[in-house]
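The file upload-v2.tsv contains TSV, C-alpha atoms:
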chain	number	residue	atom	x	y	z
A	118	MET	CA	0.00	0.00	0.00
A	119	SER	CA	1.42	3.40	-0.95
A	120	THR	CA	-1.16	6.20	-0.72
A	121	ILE	CA	-2.68	6.06	2.75
A	122	ARG	CA	-4.32	8.31	5.27
A	123	ILE	CA	-2.33	8.65	8.48
A	124	ALA	CA	-3.87	9.92	11.73
A	125	ALA	CA	-1.99	11.10	14.82
A	126	ALA	CA	-3.99	11.67	18.00
A	127	ALA	CA	-3.83	14.35	20.66
A	128	ALA	CA	-5.89	13.20	23.65
A	129	HIS	CA	-5.91	12.86	27.42
A	130	PHE	CA	-5.57	9.52	29.22
A	131	GLY	CA	-5.43	8.68	32.92
A	132	ARG	CA	-5.40	5.76	35.34
A	133	ASP	CA	-8.92	4.46	34.58
A	134	LEU	CA	-8.23	1.71	32.06
A	135	GLU	CA	-11.84	1.23	31.00
A	136	PHE	CA	-12.17	4.98	30.38
A	137	ASP	CA	-8.93	4.87	28.39
A	138	LEU	CA	-10.18	1.95	26.32
A	139	ALA	CA	-13.44	3.79	25.58
A	140	ARG	CA	-11.50	6.85	24.45
A	141	ILE	CA	-9.26	4.67	22.27
A	142	ALA	CA	-12.37	3.10	20.71
A	143	LYS	CA	-13.75	6.58	19.94
A	144	LEU	CA	-10.47	7.72	18.39
A	145	ILE	CA	-10.30	4.56	16.27
A	146	ASP	CA	-13.88	5.17	15.10
A	147	ASP	CA	-13.06	8.81	14.27
A	148	ALA	CA	-9.88	7.82	12.41
A	149	ARG	CA	-11.77	5.13	10.48
A	150	ALA	CA	-14.45	7.65	9.53
A	151	ALA	CA	-11.68	9.92	8.23
A	152	GLY	CA	-10.38	7.07	6.08
A	153	ALA	CA	-7.19	6.49	8.08
A	154	ALA	CA	-5.32	3.23	7.64
A	155	LEU	CA	-2.79	4.09	10.39
A	156	LEU	CA	-3.58	5.66	13.76
A	157	VAL	CA	-0.84	6.64	16.20
A	158	LEU	CA	-2.11	7.06	19.78
A	159	PRO	CA	-0.10	8.75	22.54
A	160	ASP	CA	2.43	7.27	24.92
A	161	ALA	CA	0.75	5.86	28.03
A	162	ALA	CA	-2.71	5.81	26.43
A	163	LEU	CA	-3.47	2.72	28.52
A	164	GLY	CA	-3.08	3.83	32.14
A	165	GLY	CA	-1.76	7.36	31.78
A	166	TYR	CA	1.69	8.83	32.29
A	167	LEU	CA	3.59	9.74	35.47
A	168	ALA	CA	1.98	12.43	37.58
A	169	ASP	CA	5.35	13.88	38.64
A	170	LEU	CA	8.43	13.56	36.45
A	171	ARG	CA	10.87	14.83	39.07
A	172	HIS	CA	9.83	12.69	42.04
A	173	PRO	CA	7.43	9.92	40.93
A	174	ASP	CA	5.42	8.39	43.77
A	175	PRO	CA	5.82	4.57	43.63
A	176	GLU	CA	2.26	4.26	44.98
A	177	THR	CA	0.68	6.17	42.09
A	178	LEU	CA	2.46	4.74	39.06
A	179	PRO	CA	0.45	3.69	35.99
A	180	PRO	CA	-0.85	0.11	36.04
A	181	ALA	CA	1.60	-2.37	34.53
A	182	LEU	CA	0.21	-4.60	31.78
A	183	ARG	CA	1.70	-7.82	30.49
A	184	PRO	CA	2.56	-7.83	26.76
A	185	ASP	CA	-0.37	-10.21	26.16
A	186	ASP	CA	-2.79	-8.39	28.47
A	187	PRO	CA	-6.45	-8.71	27.38
A	188	LEU	CA	-6.69	-4.91	27.08
A	189	ILE	CA	-4.04	-4.92	24.37
A	190	LEU	CA	-5.89	-7.69	22.58
A	191	ARG	CA	-9.07	-5.62	22.85
A	192	VAL	CA	-7.29	-2.68	21.17
A	193	ALA	CA	-6.25	-5.08	18.39
A	194	GLY	CA	-9.88	-6.15	17.99
A	195	LEU	CA	-10.99	-2.51	17.79
A	196	ALA	CA	-8.31	-1.81	15.20
A	197	ALA	CA	-9.66	-4.50	12.85
A	198	GLU	CA	-8.45	-3.55	9.35
A	199	MET	CA	-6.50	-0.52	10.64
A	200	VAL	CA	-2.96	-0.39	12.04
A	201	VAL	CA	-2.90	1.21	15.51
A	202	CYS	CA	0.09	2.13	17.71
A	203	VAL	CA	-0.57	2.59	21.43
A	204	GLY	CA	1.59	3.18	24.52
A	205	TYR	CA	1.42	1.56	27.96
A	206	ARG	CA	3.51	0.58	31.00
A	207	GLU	CA	4.76	-2.93	30.33
A	208	ASP	CA	5.19	-5.54	33.05
A	209	GLY	CA	8.39	-7.28	32.02
A	210	GLY	CA	8.56	-9.58	35.05
A	211	ASP	CA	11.39	-8.27	37.21
A	212	ARG	CA	11.15	-4.76	35.74
A	213	CYS	CA	8.73	-2.45	33.94
A	214	TYR	CA	9.15	-0.52	30.71
A	215	ASN	CA	7.61	2.48	29.02
A	216	ALA	CA	6.42	0.55	25.99
A	217	ALA	CA	4.48	0.78	22.75
A	218	VAL	CA	2.76	-1.90	20.72
A	219	CYS	CA	1.52	-1.79	17.13
A	220	VAL	CA	-1.56	-3.90	16.43
A	221	SER	CA	-4.21	-4.71	13.86
A	222	GLY	CA	-7.09	-7.16	13.88
A	223	ASP	CA	-4.53	-9.85	13.03
A	224	GLY	CA	-2.68	-9.27	16.32
A	225	VAL	CA	0.63	-7.71	17.32
A	226	LEU	CA	2.73	-6.33	14.45
A	227	GLY	CA	5.60	-4.77	16.39
A	228	ARG	CA	6.81	-3.60	19.81
A	229	HIS	CA	9.16	-1.01	21.27
A	230	ARG	CA	10.53	-0.29	24.73
A	231	LYS	CA	11.60	3.31	25.32
A	232	VAL	CA	15.39	3.47	25.24
A	233	HIS	CA	16.11	7.01	26.42
A	234	LEU	CA	14.70	7.78	29.87
A	235	PRO	CA	14.67	11.30	31.36
A	236	ALA	CA	15.86	11.41	34.95
A	237	GLY	CA	12.47	11.01	36.66
A	238	GLU	CA	11.46	8.00	34.58
A	239	THR	CA	14.31	5.86	35.87
A	240	ALA	CA	12.38	5.47	39.13
A	241	ALA	CA	9.46	3.88	37.26
A	242	TYR	CA	10.95	2.21	34.18
A	243	ALA	CA	13.95	0.28	32.94
A	244	PRO	CA	15.36	1.32	29.54
A	245	GLY	CA	14.89	-0.65	26.37
A	246	ASP	CA	17.96	-1.55	24.34
A	247	ARG	CA	17.13	-1.51	20.63
A	248	PHE	CA	15.30	0.06	17.70
A	249	ASP	CA	13.72	-2.30	15.20
A	250	ALA	CA	11.49	-1.57	12.21
A	251	PHE	CA	8.75	-4.04	11.26
A	252	ASP	CA	6.44	-4.74	8.35
A	253	THR	CA	2.75	-3.83	8.49
A	254	PRO	CA	-0.13	-3.60	5.98
A	255	VAL	CA	0.64	0.13	5.62
A	256	GLY	CA	4.38	-0.26	5.05
A	257	ARG	CA	7.49	-0.69	7.14
A	258	LEU	CA	7.16	1.15	10.48
A	259	GLY	CA	9.38	2.10	13.37
A	260	MET	CA	8.26	3.42	16.77
A	261	LEU	CA	9.80	6.00	19.10
A	262	ILE	CA	8.53	6.99	22.55
A	263	ASP	CA	8.79	10.71	23.40
A	264	TYR	CA	12.37	11.35	24.68
A	265	ASP	CA	13.71	8.84	22.13
A	266	LYS	CA	13.20	11.42	19.38
A	267	THR	CA	15.54	13.88	21.08
A	268	PHE	CA	18.39	11.64	19.91
A	269	PRO	CA	18.99	11.61	16.12
A	270	GLU	CA	20.47	8.12	16.34
A	271	SER	CA	17.08	6.68	17.33
A	272	ALA	CA	15.26	7.66	14.15
A	273	ARG	CA	18.37	7.03	12.04
A	274	SER	CA	18.58	3.45	13.33
A	275	LEU	CA	15.00	2.83	12.25
A	276	ALA	CA	15.55	4.47	8.87
A	277	LEU	CA	18.59	2.24	8.29
A	278	ASP	CA	16.36	-0.73	9.15
A	279	GLY	CA	14.08	0.26	6.30
A	280	ALA	CA	11.37	2.22	8.14
A	281	GLU	CA	9.23	4.32	5.79
A	282	VAL	CA	7.01	5.77	8.52
A	283	LEU	CA	8.00	6.66	12.07
A	284	ALA	CA	5.30	6.53	14.74
A	285	CYS	CA	6.34	8.83	17.59
A	286	LEU	CA	4.18	8.28	20.68
A	287	SER	CA	4.52	10.95	23.37
A	288	ALA	CA	3.40	12.13	26.77
A	289	TRP	CA	5.38	15.34	26.34
A	290	PRO	CA	4.71	18.09	28.90
A	291	THR	CA	5.30	21.80	28.91
A	292	SER	CA	8.55	22.95	30.49
A	293	ILE	CA	8.69	21.95	34.14
A	294	THR	CA	11.54	24.30	35.13
A	295	ASN	CA	10.74	27.35	33.02
A	296	ARG	CA	6.98	27.86	32.75
A	297	ALA	CA	5.83	30.13	29.92
A	298	PRO	CA	2.63	32.22	30.11
A	299	ARG	CA	1.45	30.90	26.74
A	300	MET	CA	1.86	27.48	25.12
A	301	ALA	CA	3.30	29.04	21.96
A	302	GLN	CA	6.14	30.50	24.02
A	303	ASP	CA	6.96	27.28	25.83
A	304	ARG	CA	10.47	25.91	25.24
A	305	GLN	CA	9.29	22.30	25.17
A	306	ALA	CA	6.55	23.14	22.68
A	307	ARG	CA	9.16	24.54	20.30
A	308	LEU	CA	11.46	21.56	20.79
A	309	PHE	CA	8.63	19.07	20.27
A	310	ASP	CA	7.89	20.51	16.82
A	311	LEU	CA	11.58	20.93	15.98
A	312	TYR	CA	12.42	17.30	16.74
A	313	ASP	CA	9.44	16.01	14.75
A	314	GLN	CA	10.41	18.00	11.68
A	315	ALA	CA	14.14	17.34	11.96
A	316	ARG	CA	13.77	13.57	12.40
A	317	ALA	CA	11.56	13.37	9.31
A	318	ALA	CA	13.75	15.63	7.17
A	319	GLU	CA	17.14	14.19	8.07
A	320	ASN	CA	15.93	10.66	7.33
A	321	GLN	CA	13.65	11.65	4.44
A	322	LEU	CA	10.64	9.67	5.63
A	323	VAL	CA	7.12	10.22	6.95
A	324	LEU	CA	6.58	10.81	10.67
A	325	ALA	CA	3.34	10.64	12.66
A	326	SER	CA	3.61	12.29	16.08
A	327	SER	CA	0.95	11.82	18.78
A	328	ASN	CA	0.84	13.36	22.24
A	329	GLN	CA	-1.20	13.59	25.40
A	330	THR	CA	-3.28	16.67	26.23
A	331	GLY	CA	-4.64	18.05	29.48
A	332	ALA	CA	-3.00	17.67	32.87
A	333	LEU	CA	-2.05	14.86	35.23
A	334	GLY	CA	-0.70	15.72	38.66
A	335	GLY	CA	1.81	18.50	38.12
A	336	MET	CA	2.21	17.77	34.42
A	337	ARG	CA	0.55	19.75	31.61
A	338	PHE	CA	0.79	18.11	28.21
A	339	LEU	CA	1.34	19.88	24.89
A	340	GLY	CA	-0.88	18.13	22.38
A	341	GLN	CA	0.57	19.24	19.02
A	342	ALA	CA	-0.08	15.94	17.21
A	343	LYS	CA	1.04	16.10	13.59
A	344	VAL	CA	1.95	14.29	10.38
A	345	VAL	CA	5.26	15.38	8.83
A	346	GLY	CA	6.45	14.74	5.28
A	347	PRO	CA	9.95	13.62	4.21
A	348	GLY	CA	10.99	17.23	3.61
A	349	GLY	CA	10.16	18.22	7.18
A	350	ASP	CA	6.92	19.96	6.16
A	351	ILE	CA	3.93	19.61	8.52
A	352	LEU	CA	1.06	18.11	6.51
A	353	ALA	CA	-1.56	18.16	9.29
A	354	ARG	CA	-1.61	19.16	12.96
A	355	THR	CA	-3.90	19.61	15.95
A	356	TRP	CA	-2.00	22.46	17.62
A	357	SER	CA	-2.59	22.25	21.39
A	358	LYS	CA	-6.16	20.97	21.19
A	359	ALA	CA	-7.35	17.38	21.42
A	360	GLY	CA	-8.24	15.73	18.13
A	361	LEU	CA	-6.76	13.99	15.12
A	362	ALA	CA	-4.19	15.26	12.64
A	363	VAL	CA	-5.01	13.44	9.38
A	364	ALA	CA	-3.02	13.58	6.17
A	365	GLU	CA	-3.20	11.59	2.94
A	366	VAL	CA	0.31	10.60	1.85
A	367	ASP	CA	1.69	8.58	-1.02
A	368	VAL	CA	4.49	7.33	1.17
A	369	ALA	CA	6.65	5.69	-1.50
A	370	ALA	CA	6.29	8.60	-3.92
A	371	GLU	CA	7.03	11.25	-1.28
A	372	ILE	CA	10.10	9.39	-0.04
A	373	ASP	CA	11.32	8.87	-3.60
A	374	ARG	CA	10.84	12.56	-4.37
A	375	ALA	CA	12.75	13.61	-1.26
A	376	ARG	CA	15.63	11.24	-2.07
A	377	ARG	CA	15.75	11.86	-5.82
A	378	VAL	CA	18.86	14.07	-5.69
A	379	LEU	CA	20.12	13.96	-2.10
A	380	ARG	CA	19.96	10.55	-0.45
A	381	HIS	CA	20.97	11.17	3.15
A	382	LEU	CA	21.18	7.52	4.16
A	383	ASP	CA	23.47	6.66	1.22
A	384	GLU	CA	25.65	9.75	1.64
A	385	ARG	CA	26.61	9.19	5.26
A	386	ARG	CA	30.31	8.84	6.16
A	387	PRO	CA	30.26	6.60	9.25
A	388	ALA	CA	34.05	6.33	9.43
A	389	ALA	CA	34.23	10.07	10.06
A	390	TYR	CA	31.75	10.07	12.95
A	391	ARG	CA	32.67	9.87	16.61
A	392	GLU	CA	30.97	7.02	18.50
A	393	HIS	CA	31.89	8.27	21.98
A	394	PRO	CA	32.64	11.72	23.40
A	395	SER	CA	36.28	12.64	23.91
A	396	PRO	CA	37.49	12.86	27.53
A	397	ALA	CA	37.00	16.38	28.87
A	398	ALA	CA	40.13	18.52	28.58
A	399	PRO	CA	41.65	19.49	31.96
A	400	ARG	CA	40.36	22.82	33.21
A	401	GLY	CA	42.57	25.62	31.96
A	402	ALA	CA	44.09	23.47	29.21
A	403	PRO	CA	44.13	24.91	25.69
A	404	SER	CA	41.30	23.76	23.45

Can you present the structure in this file as structure tokens?
Amino acid sequence: MSTIRIAAAAAHFGRDLEFDLARIAKLIDDARAAGAALLVLPDAALGGYLADLRHPDPETLPPALRPDDPLILRVAGLAAEMVVCVGYREDGGDRCYNAAVCVSGDGVLGRHRKVHLPAGETAAYAPGDRFDAFDTPVGRLGMLIDYDKTFPESARSLALDGAEVLACLSAWPTSITNRAPRMAQDRQARLFDLYDQARAAENQLVLASSNQTGALGGMRFLGQAKVVGPGGDILARTWSKAGLAVAEVDVAAEIDRARRVLRHLDERRPAAYREHPSPAAPRGAPS
């Protein structure tokens, strides 16, 4: 499948799993009515995100679901002919992960465990250790979970694994340390858009970015769901409001057009890149 409609959701989710499932069902219905073949739901859509990113309370963490939890299977049933990506807290046995799963009516298509954890998340999650693309009825996909997209290597790894579409699931809040009077002036709001556009443009692929809205505990989420083309252009967006960003994209044609002259993946020079930072020079030493 080449020309498809892609939907990225901006919506609020909390600890009530049945409420979350009902909201997911509504978003799937809305995306289906809009003709979407792919729907990307936010990080932590099943169970909500942390209420405090600086000092998470172990007693109020999101519920942990096993990878084969019946709720995930219910999302797959709701997806039916569509491809749906959804985030949740995964019970991995001796540790938990901030995780995402991609499903359709046929079952699980792919999984991802968030690799890059901001400081507060380390009290609630263990990090994942890999980025893998996977085949779906709408093309080859890769998933990132919010802070993952801050690191160019994350999206690049998926692009090198053949991903044509990146699904970026987020629970991305406004700045915690430097509150702005208006969302448009918020530092994290600017970075959220910048990372979405940069990751798409530098890898010359399509990116669907979802995010939570509303507030949970001391966190206020940005929304700003969007679909971004291979040139970094925003094709559809929700701004800060809840809703769906829906864009019709001929994925193969758009990627081919973006890579017709400059093919970033082929023109890399890995031998010239540093894999690890150099040791810091002694203070006062010439640089």

* What's the 10 Å shell around region 367-370 of chain A, counting all atoms listed in the file, without same-chain residues fewer than 6 positions away, as JSON, numbers by chain? -> {"A": [118, 119, 120, 121, 122, 255, 256, 281, 282, 322, 323, 346, 347, 376]}

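Distances to Val344 (chain A) were evaluated for A:Leu258, A:Leu382, A:Ile145, A:Val157 using only C-alpha atoms, and the minimum falls at A:Val157.
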
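Separating CA of Pro290 (chain A) from CA of Ala124 (chain A) is a distance of 20.9 Å.
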
* **Shell around Ser221 (chain A) at 10 Å using all atoms listed in the file, local window under 6 positions removed, as a VMD selection string** => chain A and resid 155 190 192 to 202 253 to 254

* Pick from A:Ala150, A:Ala301, A:Ala389, A:Ala375 nearest to Ser357 (chain A), counting only C-alpha atoms ->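 Closest to Ser357 (chain A) of all the choices is A:Ala301.
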
* Counting all atoms listed in the file, which of A:Gly237, A:Pro180, A:Pro387, A:Pro159 gets nearest to Gln341 (chain A)? -> A:Pro159

As AutoDock Vina command-line options: centre and edge lengths in Å, one decimal, of the axis-aligned box holding region 238-251 of chain A with 5 Å per side:
--center_x 13.4 --center_y 2.0 --center_z 25.2 --size_x 19.2 --size_y 22.0 --size_z 37.9

* Would you kindly return, as JSON, numbers by chain, each protein, DNA or RNA residue with an atom no farther than 10 Å from any atom of Trp356 (chain A), considering all atoms listed in the file and excluding same-chain residues fewer than 4 positions away? => {"A": [127, 300, 301, 306, 339, 340, 341, 342, 343, 360, 362]}

* Tell me which of A:Asp383, A:Asp169, A:Asp249, A:Glu319 sits closest to His229 (chain A), counting all atoms listed in the file. =>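 Nearest candidate to His229 (chain A) out of A:Asp383, A:Asp169, A:Asp249, A:Glu319: A:Asp249.
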
Tell me which protein, DNA and RNA residues are within 9 Å of Ala241 (chain A), counting all atoms listed in the file, leaving out same-chain ones fewer than 4 positions away, and put them as a JSON list (two decimals) with C-alpha atoms, keeping the file's coordinate frame.
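Output contents, as saved in result14.json:
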[["chain", "number", "residue", "atom", "x", "y", "z"],
["A", 167, "LEU", "CA", 3.59, 9.74, 35.47],
["A", 173, "PRO", "CA", 7.43, 9.92, 40.93],
["A", 174, "ASP", "CA", 5.42, 8.39, 43.77],
["A", 175, "PRO", "CA", 5.82, 4.57, 43.63],
["A", 178, "LEU", "CA", 2.46, 4.74, 39.06],
["A", 212, "ARG", "CA", 11.15, -4.76, 35.74],
["A", 213, "CYS", "CA", 8.73, -2.45, 33.94],
["A", 214, "TYR", "CA", 9.15, -0.52, 30.71],
["A", 215, "ASN", "CA", 7.61, 2.48, 29.02],
["A", 237, "GLY", "CA", 12.47, 11.01, 36.66]]

* Which residue of A:Ala318, A:Val345, A:Arg354, A:Gly335 approaches Arg380 (chain A) most closely, using only C-alpha atoms ->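 Of A:Ala318, A:Val345, A:Arg354, A:Gly335, the one nearest Arg380 (chain A) is A:Ala318, counting only C-alpha atoms.
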
* To do: May I ask for the distance between CA of Ser326 (chain A) and CA of Ala142 (chain A), given in Å to one decimal place?
  => 19.0 Å

* Point out the residue among A:Arg149, A:Arg140, A:Arg183, A:Lys266 with the least atom-to-atom distance to Ile123 (chain A), counting all atoms listed in the file. => A:Arg149

* How many Å separate CA of Lys358 (chain A) from CA of Val218 (chain A)? ->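 Here the two named atoms are 24.6 Å from each other.
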
* Asked: Using only C-alpha atoms, can you list as a list in words the residues within 9 Å of (15.7, -0.4, 8.3)?
  -> Asp249, Ala250, Phe251, Arg257, Leu258, Gly259, Arg273, Ser274, Leu275, Ala276, Leu277, Asp278, Gly279, Ala280 and Glu281 of chain A
